[in-house]
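**Q** TSV, C-alpha atoms and all ligand atoms, saved as input11.tsv, coming up:
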chain	number	residue	atom	x	y	z
A	1	MET	CA	28.06	11.40	31.67
A	2	LYS	CA	28.97	7.93	30.44
A	3	ARG	CA	26.71	6.33	33.03
A	4	TRP	CA	23.78	8.40	31.83
A	5	LEU	CA	24.40	7.36	28.27
A	6	VAL	CA	24.40	3.71	29.27
A	7	ARG	CA	21.14	4.23	31.20
A	8	LEU	CA	19.56	6.01	28.29
A	9	GLY	CA	20.63	3.18	26.01
A	10	CYS	CA	19.08	0.61	28.34
A	11	ILE	CA	15.82	2.54	28.45
A	12	LEU	CA	15.72	2.78	24.67
A	13	VAL	CA	16.40	-0.92	24.24
A	14	ALA	CA	13.75	-1.77	26.84
A	15	ALA	CA	11.25	0.46	25.05
A	16	LEU	CA	12.03	-1.16	21.71
A	17	VAL	CA	11.55	-4.60	23.23
A	18	ALA	CA	8.32	-3.54	24.94
A	19	ILE	CA	6.67	-2.19	21.79
A	20	GLN	CA	7.23	-5.53	20.05
A	21	PHE	CA	4.38	-6.84	22.20
A	22	VAL	CA	1.86	-4.30	20.89
A	23	PRO	CA	-0.46	-6.32	18.66
A	24	VAL	CA	-0.44	-5.43	14.96
A	25	GLN	CA	-3.13	-6.50	12.51
A	26	ARG	CA	-1.44	-8.21	9.57
A	27	THR	CA	-4.40	-10.04	8.11
A	28	ASN	CA	-5.29	-10.79	4.52
A	29	PRO	CA	-9.09	-10.99	4.38
A	30	ARG	CA	-10.60	-13.42	1.89
A	31	VAL	CA	-10.37	-12.32	-1.74
A	32	GLU	CA	-14.01	-11.91	-2.78
A	33	SER	CA	-13.29	-10.84	-6.34
A	34	ASP	CA	-10.53	-9.29	-8.37
A	35	VAL	CA	-10.55	-6.35	-10.72
A	36	GLN	CA	-10.90	-7.55	-14.33
A	37	THR	CA	-8.11	-6.17	-16.49
A	38	SER	CA	-5.70	-7.32	-19.15
A	39	PRO	CA	-2.92	-9.57	-17.79
A	40	GLU	CA	-0.45	-6.81	-18.65
A	41	LEU	CA	-2.21	-4.23	-16.49
A	42	LYS	CA	-2.87	-6.76	-13.73
A	43	ALA	CA	0.85	-7.44	-13.53
A	44	ILE	CA	1.52	-3.72	-13.06
A	45	PHE	CA	-1.10	-3.41	-10.34
A	46	ARG	CA	0.22	-6.51	-8.58
A	47	ARG	CA	3.75	-5.22	-8.69
A	48	ALA	CA	3.03	-1.63	-7.65
A	49	CYS	CA	-0.30	-1.47	-5.82
A	50	TYR	CA	-1.50	-4.81	-4.46
A	51	ASP	CA	0.50	-4.77	-1.23
A	52	CYS	CA	-1.68	-1.87	-0.04
A	53	HIS	CA	-4.75	-2.01	-2.29
A	54	SER	CA	-5.80	-5.66	-2.21
A	55	ASN	CA	-6.32	-8.52	0.22
A	56	GLU	CA	-3.21	-10.18	-1.21
A	57	THR	CA	-0.63	-8.19	0.74
A	58	VAL	CA	2.82	-9.71	0.90
A	59	TRP	CA	3.94	-8.76	4.41
A	60	PRO	CA	7.70	-8.10	4.35
A	61	TRP	CA	10.01	-9.11	7.21
A	62	TYR	CA	10.19	-5.54	8.53
A	63	SER	CA	6.40	-5.52	8.89
A	64	HIS	CA	7.06	-7.79	11.90
A	65	ILE	CA	9.29	-5.29	13.68
A	66	ALA	CA	7.84	-2.41	15.67
A	67	PRO	CA	7.68	0.53	15.15
A	68	ILE	CA	7.95	-0.02	11.38
A	69	SER	CA	5.18	-2.63	11.61
A	70	PHE	CA	2.79	0.09	12.84
A	71	LEU	CA	3.49	2.20	9.75
A	72	VAL	CA	3.17	-0.70	7.30
A	73	ALA	CA	-0.05	-2.00	8.88
A	74	ASN	CA	-1.52	1.49	8.85
A	75	ASP	CA	-0.67	2.01	5.18
A	76	VAL	CA	-2.35	-1.28	4.29
A	77	LYS	CA	-5.43	-0.46	6.38
A	78	GLU	CA	-5.81	3.03	4.91
A	79	GLY	CA	-4.90	1.83	1.43
A	80	ARG	CA	-7.53	-0.92	1.44
A	81	ARG	CA	-10.13	1.49	2.76
A	82	GLU	CA	-9.47	3.95	-0.08
A	83	LEU	CA	-9.22	1.39	-2.86
A	84	ASN	CA	-9.38	-2.38	-2.71
A	85	PHE	CA	-8.94	-4.25	-5.97
A	86	SER	CA	-10.03	-7.44	-4.16
A	87	GLY	CA	-13.45	-5.86	-3.67
A	88	TRP	CA	-13.66	-3.91	-6.92
A	89	ASP	CA	-16.72	-5.82	-8.16
A	90	GLN	CA	-18.60	-4.88	-5.00
A	91	TYR	CA	-18.27	-1.15	-5.76
A	92	ASN	CA	-21.32	0.34	-7.43
A	93	GLU	CA	-20.91	2.17	-10.75
A	94	GLN	CA	-20.73	5.58	-9.12
A	95	ARG	CA	-18.04	4.46	-6.71
A	96	LYS	CA	-16.06	2.80	-9.47
A	97	ALA	CA	-16.16	6.01	-11.51
A	98	ARG	CA	-14.89	8.00	-8.54
A	99	LYS	CA	-12.08	5.51	-7.87
A	100	LEU	CA	-11.03	5.58	-11.53
A	101	LYS	CA	-10.81	9.37	-11.40
A	102	GLU	CA	-8.72	9.16	-8.26
A	103	ILE	CA	-6.42	6.60	-9.87
A	104	VAL	CA	-5.85	8.96	-12.82
A	105	GLU	CA	-5.01	11.76	-10.39
A	106	GLN	CA	-2.61	9.65	-8.33
A	107	ILE	CA	-0.77	8.38	-11.40
A	108	GLU	CA	-0.60	11.72	-13.21
A	109	GLU	CA	0.74	13.39	-10.09
A	110	ASN	CA	3.19	10.54	-9.39
A	111	LYS	CA	1.78	10.11	-5.89
A	112	MET	CA	1.41	6.32	-6.01
A	113	PRO	CA	3.21	4.16	-5.19
A	114	GLN	CA	4.82	6.30	-2.50
A	115	TRP	CA	8.57	7.00	-2.70
A	116	TYR	CA	9.27	5.09	0.53
A	117	TYR	CA	7.52	2.02	-0.87
A	118	ILE	CA	9.62	2.21	-4.04
A	119	LEU	CA	12.71	2.48	-1.85
A	120	MET	CA	11.92	-0.93	-0.35
A	121	HIS	CA	10.36	-2.37	-3.57
A	122	PRO	CA	12.41	-0.97	-6.49
A	123	ASP	CA	10.46	-2.99	-9.05
A	124	ALA	CA	7.28	-1.15	-8.03
A	125	LYS	CA	8.53	1.95	-9.80
A	126	LEU	CA	6.23	2.75	-12.72
A	127	SER	CA	7.79	3.33	-16.12
A	128	GLN	CA	6.27	5.81	-18.54
A	129	SER	CA	4.62	2.96	-20.44
A	130	ASP	CA	3.24	1.43	-17.18
A	131	LYS	CA	1.64	4.78	-16.42
A	132	GLU	CA	0.18	5.06	-19.92
A	133	ILE	CA	-1.35	1.58	-19.63
A	134	ILE	CA	-2.96	2.45	-16.28
A	135	LEU	CA	-4.22	5.82	-17.52
A	136	LYS	CA	-5.64	4.38	-20.72
A	137	TRP	CA	-7.60	1.76	-18.76
A	138	ALA	CA	-8.86	4.22	-16.15
A	139	LYS	CA	-9.90	6.87	-18.66
A	140	GLN	CA	-11.56	4.37	-20.96
A	141	LEU	CA	-13.78	3.04	-18.15
A	142	SER	CA	-14.66	6.36	-16.52
B	201	LIG	C1	2.69	1.41	0.46
B	201	LIG	C2	1.28	1.28	0.28
B	201	LIG	C3	0.66	1.76	-1.01
B	201	LIG	C4	0.98	1.42	-2.31
B	201	LIG	C5	2.06	0.49	-2.77
B	201	LIG	C6	0.04	2.12	-3.15
B	201	LIG	N1	-0.83	2.85	-2.39
B	201	LIG	FE1	-2.39	3.96	-3.05
B	201	LIG	N2	-2.79	4.57	-1.13
B	201	LIG	C7	-2.12	4.14	0.00
B	201	LIG	C8	-2.67	4.81	1.16
B	201	LIG	C9	-2.17	4.62	2.59
B	201	LIG	C10	-3.70	5.64	0.71
B	201	LIG	C11	-4.63	6.54	1.54
B	201	LIG	C12	-3.94	7.76	2.01
B	201	LIG	C13	-3.47	8.63	0.89
B	201	LIG	O1	-4.30	9.06	0.06
B	201	LIG	O2	-2.26	8.87	0.83
B	201	LIG	C14	-3.77	5.46	-0.73
B	201	LIG	C15	-4.67	6.10	-1.56
B	201	LIG	C16	-4.83	5.82	-2.90
B	201	LIG	C17	-5.90	6.34	-3.72
B	201	LIG	C18	-6.98	7.30	-3.26
B	201	LIG	C19	-6.42	8.69	-3.27
B	201	LIG	C20	-7.44	9.74	-2.92
B	201	LIG	O3	-7.90	10.40	-3.84
B	201	LIG	O4	-7.73	9.90	-1.75
B	201	LIG	C21	-5.72	5.84	-4.97
B	201	LIG	C22	-6.58	6.09	-6.19
B	201	LIG	C23	-4.53	5.00	-4.93
B	201	LIG	N3	-4.02	5.01	-3.65
B	201	LIG	C24	-4.03	4.31	-6.01
B	201	LIG	C25	-2.86	3.56	-6.00
B	201	LIG	C26	-2.32	2.90	-7.16
B	201	LIG	C27	-2.96	2.94	-8.55
B	201	LIG	C28	-1.19	2.27	-6.77
B	201	LIG	C29	-0.22	1.49	-7.61
B	201	LIG	C30	0.26	2.12	-8.81
B	201	LIG	C31	-1.01	2.53	-5.34
B	201	LIG	N4	-2.06	3.32	-4.92
B	201	LIG	C32	0.01	2.03	-4.54
B	201	LIG	C33	-1.10	3.22	0.04
B	201	LIG	C34	-0.48	2.66	-1.07
So that I can check it, write out the structure of this file as structure tokens.

**A**
Amino acid sequence: MKRWLVRLGCILVAALVAIQFVPVQRTNPRVESDVQTSPELKAIFRRACYDCHSNETVWPWYSHIAPISFLVANDVKEGRRELNFSGWDQYNEQRKARKLKEIVEQIEENKMPQWYYILMHPDAKLSQSDKEIILKWAKQLS
């Protein structure tokens, strides 16, 4: 029994070592433009959204350790695809309007930032007044 446990442990460790060699994309493409907002709102977005919704991602230490790195890189990839503040000016009016509506939904339903992100970035938690500032901006423009 004990020998099997040791073998299982060795296999697990070997697997963990092996997956470290799987390449992970952790790139920050060039910032073409940035969404124009008040400095107050920009600070909120930077604090709570930019790691996944801009080209200015701060990659944390655990984003270098598989398998967590796969999850982080995937969140950033999907997040940028859905909404990228670094490319906001390239969206046409229709697309901007749709994104603004989605932002309102995400904030009103407390879906963003995700709970697991807040766990690792406590200062990303949005206060009631943060949410009101975001909603006011998004509703005013849409
Ligand atoms: C940890 C990464 C992460 C953070 C931080 C984050 N998002 Fe997201 N966001 C995602 C991912 C991944 C998706 C796409 C998948 C999904 O909808 O869950 C997404 C989707 C969205 C969408 C599109 C939703 C739809 O209708 O499909 C909006 C709008 C959005 N996020 C806004 C925000 C705002 C605003 C913030 C900051 C207050 C924020 N997000 C913070 C990762 C993140």

**Q** Give as a VMD selection string the residues surrounding ligand LIG 201 (chain B) up to a distance of 8 Å, considering only C-alpha atoms and all ligand atoms.

**A** chain A and resid 44 to 45 47 to 53 72 74 to 83 99 to 107 111 to 114 116 to 118 124 126 134

**Q** Rank nothing, just name the residue among A:Val31, A:Met1, A:Ala18, A:Leu8 nearest to Ser86 of chain A, using only C-alpha atoms.

**A**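 For Ser86 of chain A, the nearest of the given residues is A:Val31.
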
**Q** Please, what distance in Å, to one decimal, runs between atom CA of Asn55 of chain A and atom CA of Pro29 of chain A?

**A**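 Those two atoms sit 5.6 Å apart.
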
**Q** Taking (-9.8, -9.2, -7.4) in the file's coordinates, which residues come within 10 Å, counting all atoms listed in the file, written as a PyMOL selection string?

**A** chain A and resi 31-37+42+50+54-56+84-89

**Q** Could the residues in this selection be saved with C-alpha atoms as an mmCIF file, in the coordinates of the input?

**A**
data_model
loop_
_atom_site.group_PDB
_atom_site.id
_atom_site.type_symbol
_atom_site.label_atom_id
_atom_site.label_comp_id
_atom_site.auth_asym_id
_atom_site.auth_seq_id
_atom_site.Cartn_x
_atom_site.Cartn_y
_atom_site.Cartn_z
ATOM 1 C CA VAL A 31 -10.370 -12.320 -1.740
ATOM 2 C CA GLU A 32 -14.010 -11.910 -2.780
ATOM 3 C CA SER A 33 -13.290 -10.840 -6.340
ATOM 4 C CA ASP A 34 -10.530 -9.290 -8.370
ATOM 5 C CA VAL A 35 -10.550 -6.350 -10.720
ATOM 6 C CA GLN A 36 -10.900 -7.550 -14.330
ATOM 7 C CA THR A 37 -8.110 -6.170 -16.490
ATOM 8 C CA LYS A 42 -2.870 -6.760 -13.730
ATOM 9 C CA TYR A 50 -1.500 -4.810 -4.460
ATOM 10 C CA SER A 54 -5.800 -5.660 -2.210
ATOM 11 C CA ASN A 55 -6.320 -8.520 0.220
ATOM 12 C CA GLU A 56 -3.210 -10.180 -1.210
ATOM 13 C CA ASN A 84 -9.380 -2.380 -2.710
ATOM 14 C CA PHE A 85 -8.940 -4.250 -5.970
ATOM 15 C CA SER A 86 -10.030 -7.440 -4.160
ATOM 16 C CA GLY A 87 -13.450 -5.860 -3.670
ATOM 17 C CA TRP A 88 -13.660 -3.910 -6.920
ATOM 18 C CA ASP A 89 -16.720 -5.820 -8.160
#

**Q** Calculated over all atoms listed in the file, which of the candidates A:Gln128, A:Ser69, A:Trp115, A:Leu141 has the smallest distance to Lys96 of chain A?

**A**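 Closest to Lys96 of chain A, using all atoms listed in the file: A:Leu141.
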
**Q** For a quick check of understanding, using only C-alpha atoms, which of A:Ser142, A:Pro60, A:Asn110, A:Arg46 has the smallest distance to Ser127 of chain A?

**A** A:Asn110

**Q** When distances are computed from all atoms listed in the file, which of A:Leu119, A:Leu41, A:Val24, A:Ala14 shows the smallest separation from Ser63 of chain A?

**A**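 The shortest atom-to-atom distance to Ser63 of chain A comes from A:Val24.
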
**Q** When distances are computed from only C-alpha atoms, which of A:Gln140, A:Thr57, A:Gln25, A:Gln90 shows the smallest separation from Leu71 of chain A?

**A**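 Ranked by minimum distance to Leu71 of chain A, first place goes to A:Gln25.
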
**Q** A:Tyr91, A:Trp137, A:Phe70, A:Tyr62: which is nearest Pro23 of chain A, counting only C-alpha atoms?

**A** A:Phe70

**Q** Grab the atom CA of Pro39 of chain A to atom CA of Thr27 of chain A distance for me, in Å with one decimal place.

**A**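 Between these atoms lies a distance of 25.9 Å.
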
**Q** Quick one: pull the distance between atom CA of Ile68 of chain A and atom CA of Lys2 of chain A, Å, one decimal.

**A**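 The value is 29.5 Å.
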